[in-house]
Each structure stands twice: as structure tokens, then as C-alpha cells.
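These notes concern the structure reproduced below.
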Amino acid sequence: MTVLCWLRLRGQRLAMLHVARGVWGSRVRGWPLLPALLGPARALSSLAAKMGEYRKMWNPTEPRDWAQQYRERFIPFSREQLLRLLIQEFHSSPAEKTALEEFSAHVDFCTLFHYHHILTRLQALYDPINPDRETLDQPSLTDPQRLTNEQEVLLALGPLLAQANFSPLSEDALAYALVVHHPQDEVQVTINLDQYIYMQFWALGQRVGQMPRKSSVGSKRRFFLKSSPAQRRYFKRVVLAARTKRGHLVLKSFKDTPLEGLEQLLPELKVRTPTLQRALLNLTLVVSGVAVFVNVGMVVLTDLKVGTSLLLLFFAAFMGLRASKMFGQQRSVQALELAHMLYYRSTSNNSELLSALALRAQDEHAKEALLAHSFLTRRPGGAGGPPEETSQWLQSEVENWLLAQSGCEVTFDGTRALGHLQALTPGTGKYPPPGFPKLDSLDTVTHSQVVPSGGNP
């Protein structure tokens, strides 16, 4: 393929994705847009009010109306697994298998440069506020400038997270996670909401079952008995965006995170000892203190003729030092366990997270296009007919098929998948469809600037 042909294909196919819609348009400055980005109002006063409601509840096990709050949109198969399943069920003949593999390669070619362009623009926005920048330092930003840059990054990140099939966690779910602690989490933390400007979580891959061993928090052995693994509601991936008043924007991604453990991912937290452990430690101190006082204190009081008040004073000081040491050691052990857990759960952060999200969005885009392509080939009339009817049929068929194949209830966006397929296959509709975004920086490439060498076509 000559350079001319390659650039023609590139220029035709880069304007095909919904994910860039509205991201690189006019860059409106000002903080009033931030609540629109974060979905429900993230006023921390409202969050604190919801936390107060959960504190009044008796042993809540999940957020209110959780089934309506969270809808799983992640397709729980890798690209290779999905291709094998589609070939087995819809493309069993050698010719159909070859056609599907060629279509998959076509999808890769059409999406690669577009997502690379989005990632480049996103990293350019993030670079001035990147705390891990390895290049020469730039002039320091004022706090309002930094907040404005953070807003622009988060606004641009929203559509990418949506295409990557992350679901935002509601304020009610966040209040539940900040209040409720699972009984098997020996390591518990606390935060001060007054230290935060905003916080937001996105999640995908909800599971209910035993937590992976290296991602669990706390010792497996309690004081007197060995605890068995519990059934937990957790997410395969969680993305965090948070900002403290004295810090900067924190972008992090974690794996295998329980719903009640979201608080452990936040910056500016403190380890606290659970109530049961505090009670057991205090009981141990009281029993040992009484034993020491009876066996040693009475002897000192009788033989050395020490005054009772002075003896009690020394005893109180001794017990205070012993209690401080025991609780300090316990907090150090818990902090080490928390650091060990975060070491295994953390997958990426800051600039590296942007790259990981771009790759995931491209992968989810390809899977949606493959599913739409395979299902519409077996539909009478293909993609013809009213778009609303076609997208509803596609959504219903794919959701039922994914439930049968994986056992997971997945909400499939039929309209978006149909738009992806129309942009990839000119024969199914207008190419590209009306309303698809144009990438201005790439539209300036003209064929006259490239002269093919050697007269090759």
C-alpha cells in the first residue's frame, strides 16, 4: 500500500467514533460545569447528609435501589474470547470465519489512529498538572488555573470512560461505601470530608463472590478463631478522581475492589482500629493491669512503704504507656496491611491511566462493533429499517446472548454499537453518518501534499 492510499484510508476513517463527541469542542472555562461532569451534584454537604442517613440505618447490606443505580455495561469477554464464541455460533464456515477475522482487522485499523489522537490531546491537556512529569519543570500554576485545567481534563475524560463501559457510582453509593464497613475488613480507615473539593468513582465488572486472596484486607486469623472467606460485592476495575484542598488531582485505577472498600482508595485517610479490636485490646490491658497490680503493686506497697497515691500514679503512667504502645503497634500493622493491599490492587495512575483508558475504550469499541456485525448478519433485512427499531432489536438480542454465554446481566448500548458499525461499513448507510465529529488537526492533511514515488498506484 502506498503512502497516498494509506493517508486516504486514514483521513476517511478517523472521524467515526462517538467517543470524541463534545470532547474537543469549545473549551468552556469556569467551575459551574463541574457538577454536570460528575453527574449528580457532588456537593460534599449533600454527601455528608446521605452519610448521616446511612449511619441511622441498622446494618445496611447495599445502597438503596442498587439494581437501579448501577447498570453493568462491560462486555465480560476479551476480544479473542468473543471472536471464538462468535465464530462458533454465527460464522462456522471457513469463508465466514475468514470474513469475520478480516472485519476484526478492519476495525483495528480504523480505530487505532483515532484513539491515539484522542490520547495525545488528552495527555496534552493533562501535562501542565501532571505530578509525575519527568520533563523540565514548567512555570507553576496558580490554584485557580490548576483547578481550571483539572476541570478540562475531567470533561475530556468523561466520554472516554463511557466508551470504555465504566459506570459512574452515584452519590448514594459513595455515602454507603464511606459509612459501612464489612465485618471481615480488619483494616478500617476514616476520612475528613472537609479536606476534599470533589471525589468521583467509576466502576466496571461487578462480581459477587469471594475476593481474590492478594486483594483482601486484614489478617485471615482473628484473635481466637480462623475466619472463612465471605461473599463480597466487588468490582474488577475502579477508577478514582479526587482532589484535596491542599493537594492536586489524583487519577488512579484499582482492581478487585469491594464496594465497602472504596474509602480505602482515597488520599488523605487515617487508619483506625475497629470497635471489636479496640474492645479486645482494652480488655487485655485491664486484665494484665489488674494482674500486675495484684502481684507487684501490693508487694511494693507493703515492703517499700510507698504511698498509695504515688503507687497509683506510677501504675497509671505505666498502663498509659503500655496502651499507647499496643495501639500504636496495632495501627502500624494495619497500615502495613493496607499498603500491601494497595500494592496488589493498584493498576495505573495519573498519565499512565489515560493510556490504559484509551486502550480499553478502543477494545470495548471493537467488541461492540463485532457483536453488531455478527447479529445483524442473521437478522432479516440486516441493518435496514428504522434505526430505533434496529437498535432495540440489537440491544435485546445481544443482552440475551451475553447472559446465556457469561451468566452476567449486561446493558448493551444498541444505538452506539449500530453507529459504530455504520461508520465502519459504508454499505449499511451514509459514510460517515451525519453528526460524527471531525478531527480538525487531521482534516488538514491533503492528498496533494504526498507524491507517490516510482509511479506505483
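Residues in the C-alpha cells are named by chain (A, B, ... in the order shown) and by number from 1 within that chain; ligands are numbered from 1 in the order shown.
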Exercise for the section: Please run DSSP on the backbone and report, as a VMD selection string, all residues within region 61-113 of chain A that come out as alpha helix (DSSP H). Expected result: chain A and resid 66 to 69 79 to 90 94 to 113
So that I can see what lies close to Arg360 (chain A), please list as a tab-separated table (two decimals) with N, CA and C atoms, in the first residue's frame the residues with an atom at most 10 Å from it, counting only C-alpha atoms and leaving out residues fewer than 5 positions away in the same chain.
```
chain	number	residue	atom	x	y	z
A	160	LEU	N	-14.52	9.22	27.26
A	160	LEU	CA	-13.63	8.08	27.13
A	160	LEU	C	-14.00	6.99	28.13
A	161	LEU	N	-14.34	7.39	29.37
A	161	LEU	CA	-14.80	6.42	30.36
A	161	LEU	C	-16.11	5.78	29.95
A	163	GLN	N	-17.16	5.26	26.82
A	163	GLN	CA	-16.88	4.29	25.76
A	163	GLN	C	-16.15	3.07	26.30
A	164	ALA	N	-15.36	3.23	27.36
A	164	ALA	CA	-14.71	2.09	28.00
A	164	ALA	C	-15.67	1.29	28.86
A	165	ASN	N	-16.94	1.69	28.89
A	165	ASN	CA	-18.02	0.99	29.59
A	165	ASN	C	-17.84	1.01	31.11
A	166	PHE	N	-17.26	2.09	31.63
A	166	PHE	CA	-17.27	2.34	33.06
A	166	PHE	C	-18.60	2.99	33.42
A	354	LEU	N	-4.47	7.41	31.71
A	354	LEU	CA	-5.06	7.90	30.47
A	354	LEU	C	-4.78	6.93	29.32
A	355	SER	N	-3.56	6.43	29.24
A	355	SER	CA	-3.22	5.46	28.18
A	355	SER	C	-4.02	4.18	28.34
A	365	HIS	N	-14.93	-0.64	22.07
A	365	HIS	CA	-15.48	-0.21	20.78
A	365	HIS	C	-15.44	-1.35	19.77
A	366	ALA	N	-14.31	-2.04	19.69
A	366	ALA	CA	-14.18	-3.14	18.74
A	366	ALA	C	-15.14	-4.28	19.09
```
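You will find CA of Val239 (chain A) at 7.3 Å from CA of Leu251 (chain A).
Among the candidate residues A:Leu262, A:Ala99, A:Cys110, A:Ala242, the one lying nearest to Ala173 (chain A) is A:Leu262, with distances computed using only C-alpha atoms.
Remark: for Leu259 (chain A), the closest of the candidate residues A:His373, A:Arg207, A:Arg133, A:Arg73 is A:Arg207 (distances computed over only C-alpha atoms).
Rounded to one decimal, CA of Leu353 (chain A) and CA of Lys252 (chain A) lie 6.7 Å from each other.
Distance check against Thr111 (chain A) using only C-alpha atoms: of A:Gln362, A:His340, A:Leu403, A:Gly381, the minimum falls on A:Gln362.
Minimum atom-to-atom distance to Asp413 (chain A), evaluated using only C-alpha atoms, belongs to A:Ile75 out of A:Leu154, A:Ile75, A:Leu169, A:Ala124.
Near Ala358 (chain A), within 12 Å and counting only C-alpha atoms, sit Val19, Ala20, Thr111, Leu112, Phe113, His114, Tyr115, His116, His117, Ile118, Leu119, Thr120, Arg121, Leu122, Gln123, Ala156, Leu157, Gly158, Pro159, Leu160, Leu161, Ala162, Gln163, Ala164, Asn165, Ser351, Glu352, Glu364 and His365 of chain A; same-chain residues fewer than 6 positions away were not included.
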Limited to N, CA, C and O atoms, could you put the picked residues into a file as an mmCIF file, in the first residue's frame?
```
data_model
loop_
_atom_site.group_PDB
_atom_site.id
_atom_site.type_symbol
_atom_site.label_atom_id
_atom_site.label_comp_id
_atom_site.auth_asym_id
_atom_site.auth_seq_id
_atom_site.Cartn_x
_atom_site.Cartn_y
_atom_site.Cartn_z
ATOM 1 N N VAL A 19 -17.128 8.513 20.708
ATOM 2 C CA VAL A 19 -16.462 8.847 21.962
ATOM 3 C C VAL A 19 -15.890 10.252 21.967
ATOM 4 O O VAL A 19 -15.764 10.864 23.022
ATOM 5 N N ALA A 20 -15.560 10.799 20.794
ATOM 6 C CA ALA A 20 -14.964 12.124 20.753
ATOM 7 C C ALA A 20 -16.000 13.237 20.707
ATOM 8 O O ALA A 20 -15.656 14.395 20.707
ATOM 9 N N THR A 111 -9.834 2.156 14.102
ATOM 10 C CA THR A 111 -9.917 2.771 15.428
ATOM 11 C C THR A 111 -8.563 3.177 15.994
ATOM 12 O O THR A 111 -8.505 4.031 16.886
ATOM 13 N N LEU A 112 -7.487 2.584 15.507
ATOM 14 C CA LEU A 112 -6.175 2.790 16.113
ATOM 15 C C LEU A 112 -5.768 4.259 16.128
ATOM 16 O O LEU A 112 -5.436 4.821 17.172
ATOM 17 N N PHE A 113 -5.786 4.911 14.967
ATOM 18 C CA PHE A 113 -5.288 6.280 14.878
ATOM 19 C C PHE A 113 -6.208 7.264 15.600
ATOM 20 O O PHE A 113 -5.745 8.252 16.164
ATOM 21 N N HIS A 114 -7.505 6.966 15.575
ATOM 22 C CA HIS A 114 -8.439 7.868 16.237
ATOM 23 C C HIS A 114 -8.196 7.886 17.746
ATOM 24 O O HIS A 114 -8.122 8.963 18.360
ATOM 25 N N TYR A 115 -8.091 6.730 18.343
ATOM 26 C CA TYR A 115 -7.864 6.695 19.792
ATOM 27 C C TYR A 115 -6.473 7.204 20.146
ATOM 28 O O TYR A 115 -6.276 7.774 21.227
ATOM 29 N N HIS A 116 -5.523 7.005 19.271
ATOM 30 C CA HIS A 116 -4.204 7.580 19.511
ATOM 31 C C HIS A 116 -4.275 9.105 19.506
ATOM 32 O O HIS A 116 -3.631 9.774 20.329
ATOM 33 N N HIS A 117 -5.067 9.652 18.609
ATOM 34 C CA HIS A 117 -5.237 11.102 18.545
ATOM 35 C C HIS A 117 -5.921 11.618 19.814
ATOM 36 O O HIS A 117 -5.516 12.638 20.393
ATOM 37 N N ILE A 118 -6.961 10.928 20.265
ATOM 38 C CA ILE A 118 -7.651 11.330 21.488
ATOM 39 C C ILE A 118 -6.699 11.283 22.675
ATOM 40 O O ILE A 118 -6.670 12.196 23.512
ATOM 41 N N LEU A 119 -5.895 10.224 22.755
ATOM 42 C CA LEU A 119 -4.940 10.107 23.857
ATOM 43 C C LEU A 119 -3.911 11.233 23.814
ATOM 44 O O LEU A 119 -3.545 11.804 24.857
ATOM 45 N N THR A 120 -3.438 11.586 22.623
ATOM 46 C CA THR A 120 -2.465 12.667 22.505
ATOM 47 C C THR A 120 -3.043 13.991 22.978
ATOM 48 O O THR A 120 -2.389 14.744 23.722
ATOM 49 N N ARG A 121 -4.271 14.287 22.591
ATOM 50 C CA ARG A 121 -4.913 15.523 23.029
ATOM 51 C C ARG A 121 -5.148 15.514 24.540
ATOM 52 O O ARG A 121 -4.966 16.531 25.221
ATOM 53 N N LEU A 122 -5.550 14.369 25.071
ATOM 54 C CA LEU A 122 -5.815 14.270 26.499
ATOM 55 C C LEU A 122 -4.536 14.430 27.316
ATOM 56 O O LEU A 122 -4.517 15.121 28.344
ATOM 57 N N GLN A 123 -3.463 13.827 26.846
ATOM 58 C CA GLN A 123 -2.192 13.976 27.556
ATOM 59 C C GLN A 123 -1.662 15.396 27.470
ATOM 60 O O GLN A 123 -1.021 15.887 28.405
ATOM 61 N N ALA A 156 -12.893 16.082 29.398
ATOM 62 C CA ALA A 156 -12.446 15.288 28.258
ATOM 63 C C ALA A 156 -12.408 13.807 28.588
ATOM 64 O O ALA A 156 -12.562 12.955 27.698
ATOM 65 N N LEU A 157 -12.222 13.476 29.863
ATOM 66 C CA LEU A 157 -12.124 12.073 30.268
ATOM 67 C C LEU A 157 -13.484 11.390 30.328
ATOM 68 O O LEU A 157 -13.566 10.163 30.169
ATOM 69 N N GLY A 158 -14.553 12.159 30.527
ATOM 70 C CA GLY A 158 -15.880 11.566 30.666
ATOM 71 C C GLY A 158 -16.315 10.699 29.503
ATOM 72 O O GLY A 158 -16.700 9.535 29.699
ATOM 73 N N PRO A 159 -16.296 11.182 28.246
ATOM 74 C CA PRO A 159 -16.701 10.325 27.127
ATOM 75 C C PRO A 159 -15.803 9.104 26.945
ATOM 76 O O PRO A 159 -16.268 8.057 26.498
ATOM 77 N N LEU A 160 -14.522 9.222 27.260
ATOM 78 C CA LEU A 160 -13.630 8.077 27.133
ATOM 79 C C LEU A 160 -14.003 6.994 28.135
ATOM 80 O O LEU A 160 -14.000 5.797 27.815
ATOM 81 N N LEU A 161 -14.341 7.391 29.365
ATOM 82 C CA LEU A 161 -14.796 6.424 30.362
ATOM 83 C C LEU A 161 -16.106 5.781 29.945
ATOM 84 O O LEU A 161 -16.320 4.584 30.163
ATOM 85 N N ALA A 162 -16.992 6.563 29.333
ATOM 86 C CA ALA A 162 -18.268 5.998 28.884
ATOM 87 C C ALA A 162 -18.046 4.975 27.787
ATOM 88 O O ALA A 162 -18.663 3.896 27.791
ATOM 89 N N GLN A 163 -17.158 5.257 26.818
ATOM 90 C CA GLN A 163 -16.879 4.295 25.760
ATOM 91 C C GLN A 163 -16.154 3.067 26.304
ATOM 92 O O GLN A 163 -16.318 1.955 25.783
ATOM 93 N N ALA A 164 -15.364 3.233 27.358
ATOM 94 C CA ALA A 164 -14.707 2.094 27.998
ATOM 95 C C ALA A 164 -15.667 1.291 28.859
ATOM 96 O O ALA A 164 -15.255 0.320 29.499
ATOM 97 N N ASN A 165 -16.943 1.689 28.889
ATOM 98 C CA ASN A 165 -18.021 0.992 29.594
ATOM 99 C C ASN A 165 -17.842 1.011 31.109
ATOM 100 O O ASN A 165 -18.229 0.062 31.800
ATOM 101 N N SER A 351 -0.890 9.853 34.430
ATOM 102 C CA SER A 351 -0.750 9.828 32.975
ATOM 103 C C SER A 351 -0.884 8.415 32.405
ATOM 104 O O SER A 351 -1.464 8.221 31.335
ATOM 105 N N GLU A 352 -0.360 7.415 33.120
ATOM 106 C CA GLU A 352 -0.476 6.036 32.636
ATOM 107 C C GLU A 352 -1.934 5.582 32.602
ATOM 108 O O GLU A 352 -2.315 4.761 31.765
ATOM 109 N N GLU A 364 -13.309 -1.974 23.866
ATOM 110 C CA GLU A 364 -14.761 -2.073 24.009
ATOM 111 C C GLU A 364 -15.466 -1.639 22.731
ATOM 112 O O GLU A 364 -16.489 -2.220 22.343
ATOM 113 N N HIS A 365 -14.927 -0.636 22.069
ATOM 114 C CA HIS A 365 -15.479 -0.207 20.785
ATOM 115 C C HIS A 365 -15.444 -1.349 19.768
ATOM 116 O O HIS A 365 -16.425 -1.610 19.062
#
```
Excluding same-chain residues fewer than 6 positions from Phe77 (chain A), what lies within 12 Å of it counting only C-alpha atoms, as a short mmCIF file (atom, residue, chain, number, x, y, z; two decimals) with N, CA, C and O atoms, in the first residue's frame?
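What landed in selection_1.cif:
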```cif
data_model
loop_
_atom_site.label_atom_id
_atom_site.label_comp_id
_atom_site.auth_asym_id
_atom_site.auth_seq_id
_atom_site.Cartn_x
_atom_site.Cartn_y
_atom_site.Cartn_z
N LEU A 83 -14.33 -13.37 19.74
CA LEU A 83 -14.20 -13.85 18.36
C LEU A 83 -14.46 -15.35 18.28
O LEU A 83 -15.17 -15.83 17.38
N ARG A 84 -13.90 -16.12 19.22
CA ARG A 84 -14.11 -17.57 19.20
C ARG A 84 -15.58 -17.91 19.38
O ARG A 84 -16.12 -18.78 18.68
N LEU A 85 -16.26 -17.23 20.29
CA LEU A 85 -17.67 -17.51 20.52
C LEU A 85 -18.51 -17.14 19.30
O LEU A 85 -19.44 -17.88 18.92
N LEU A 86 -18.22 -16.01 18.69
CA LEU A 86 -18.99 -15.59 17.51
C LEU A 86 -18.75 -16.52 16.33
O LEU A 86 -19.66 -16.83 15.56
N GLY A 205 -17.41 -4.31 35.81
CA GLY A 205 -17.18 -5.71 36.17
C GLY A 205 -17.63 -6.06 37.57
O GLY A 205 -16.85 -6.60 38.35
N ASP A 363 -10.79 -1.17 22.83
CA ASP A 363 -11.15 -2.58 22.90
C ASP A 363 -12.66 -2.76 23.01
O ASP A 363 -13.25 -3.61 22.33
N GLU A 364 -13.31 -1.97 23.87
CA GLU A 364 -14.76 -2.07 24.01
C GLU A 364 -15.47 -1.64 22.73
O GLU A 364 -16.49 -2.22 22.34
N ALA A 366 -14.31 -2.04 19.69
CA ALA A 366 -14.18 -3.14 18.74
C ALA A 366 -15.14 -4.28 19.09
O ALA A 366 -15.76 -4.88 18.19
N LYS A 367 -15.31 -4.59 20.36
CA LYS A 367 -16.21 -5.67 20.75
C LYS A 367 -17.66 -5.32 20.40
O LYS A 367 -18.41 -6.19 19.94
N GLU A 368 -18.04 -4.07 20.61
CA GLU A 368 -19.40 -3.67 20.26
C GLU A 368 -19.63 -3.76 18.75
O GLU A 368 -20.69 -4.20 18.29
N LEU A 371 -20.00 -7.49 17.77
CA LEU A 371 -21.31 -8.02 18.13
C LEU A 371 -22.39 -7.50 17.19
O LEU A 371 -23.26 -8.27 16.73
N LEU A 402 -25.38 -12.49 25.74
CA LEU A 402 -24.33 -12.33 26.75
C LEU A 402 -24.73 -12.97 28.08
O LEU A 402 -23.89 -13.56 28.77
N LEU A 403 -26.01 -12.88 28.43
CA LEU A 403 -26.48 -13.52 29.66
C LEU A 403 -26.35 -15.03 29.57
O LEU A 403 -25.93 -15.70 30.53
N GLN A 405 -24.23 -16.70 27.64
CA GLN A 405 -22.84 -17.12 27.49
C GLN A 405 -22.01 -16.89 28.76
O GLN A 405 -21.10 -17.67 29.04
N SER A 406 -22.31 -15.84 29.50
CA SER A 406 -21.46 -15.48 30.64
C SER A 406 -22.15 -15.55 31.98
O SER A 406 -21.48 -15.57 33.03
N GLY A 407 -23.49 -15.57 31.98
CA GLY A 407 -24.22 -15.52 33.24
C GLY A 407 -24.28 -14.13 33.84
O GLY A 407 -24.76 -13.98 34.97
N CYS A 408 -23.81 -13.11 33.14
CA CYS A 408 -23.80 -11.73 33.63
C CYS A 408 -24.86 -10.91 32.90
O CYS A 408 -25.00 -11.02 31.68
N VAL A 410 -25.78 -7.71 31.32
CA VAL A 410 -25.06 -6.59 30.74
C VAL A 410 -26.04 -5.71 29.99
O VAL A 410 -26.86 -6.20 29.21
#
```
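Distances here use only C-alpha atoms; by that measure, the residue among A:Ala95, A:Val238, A:Leu125, A:Met341 closest to Phe254 (chain A) is A:Val238.
When CA of His91 (chain A) is paired with CA of Asp108 (chain A), their separation reads 19.4 Å.
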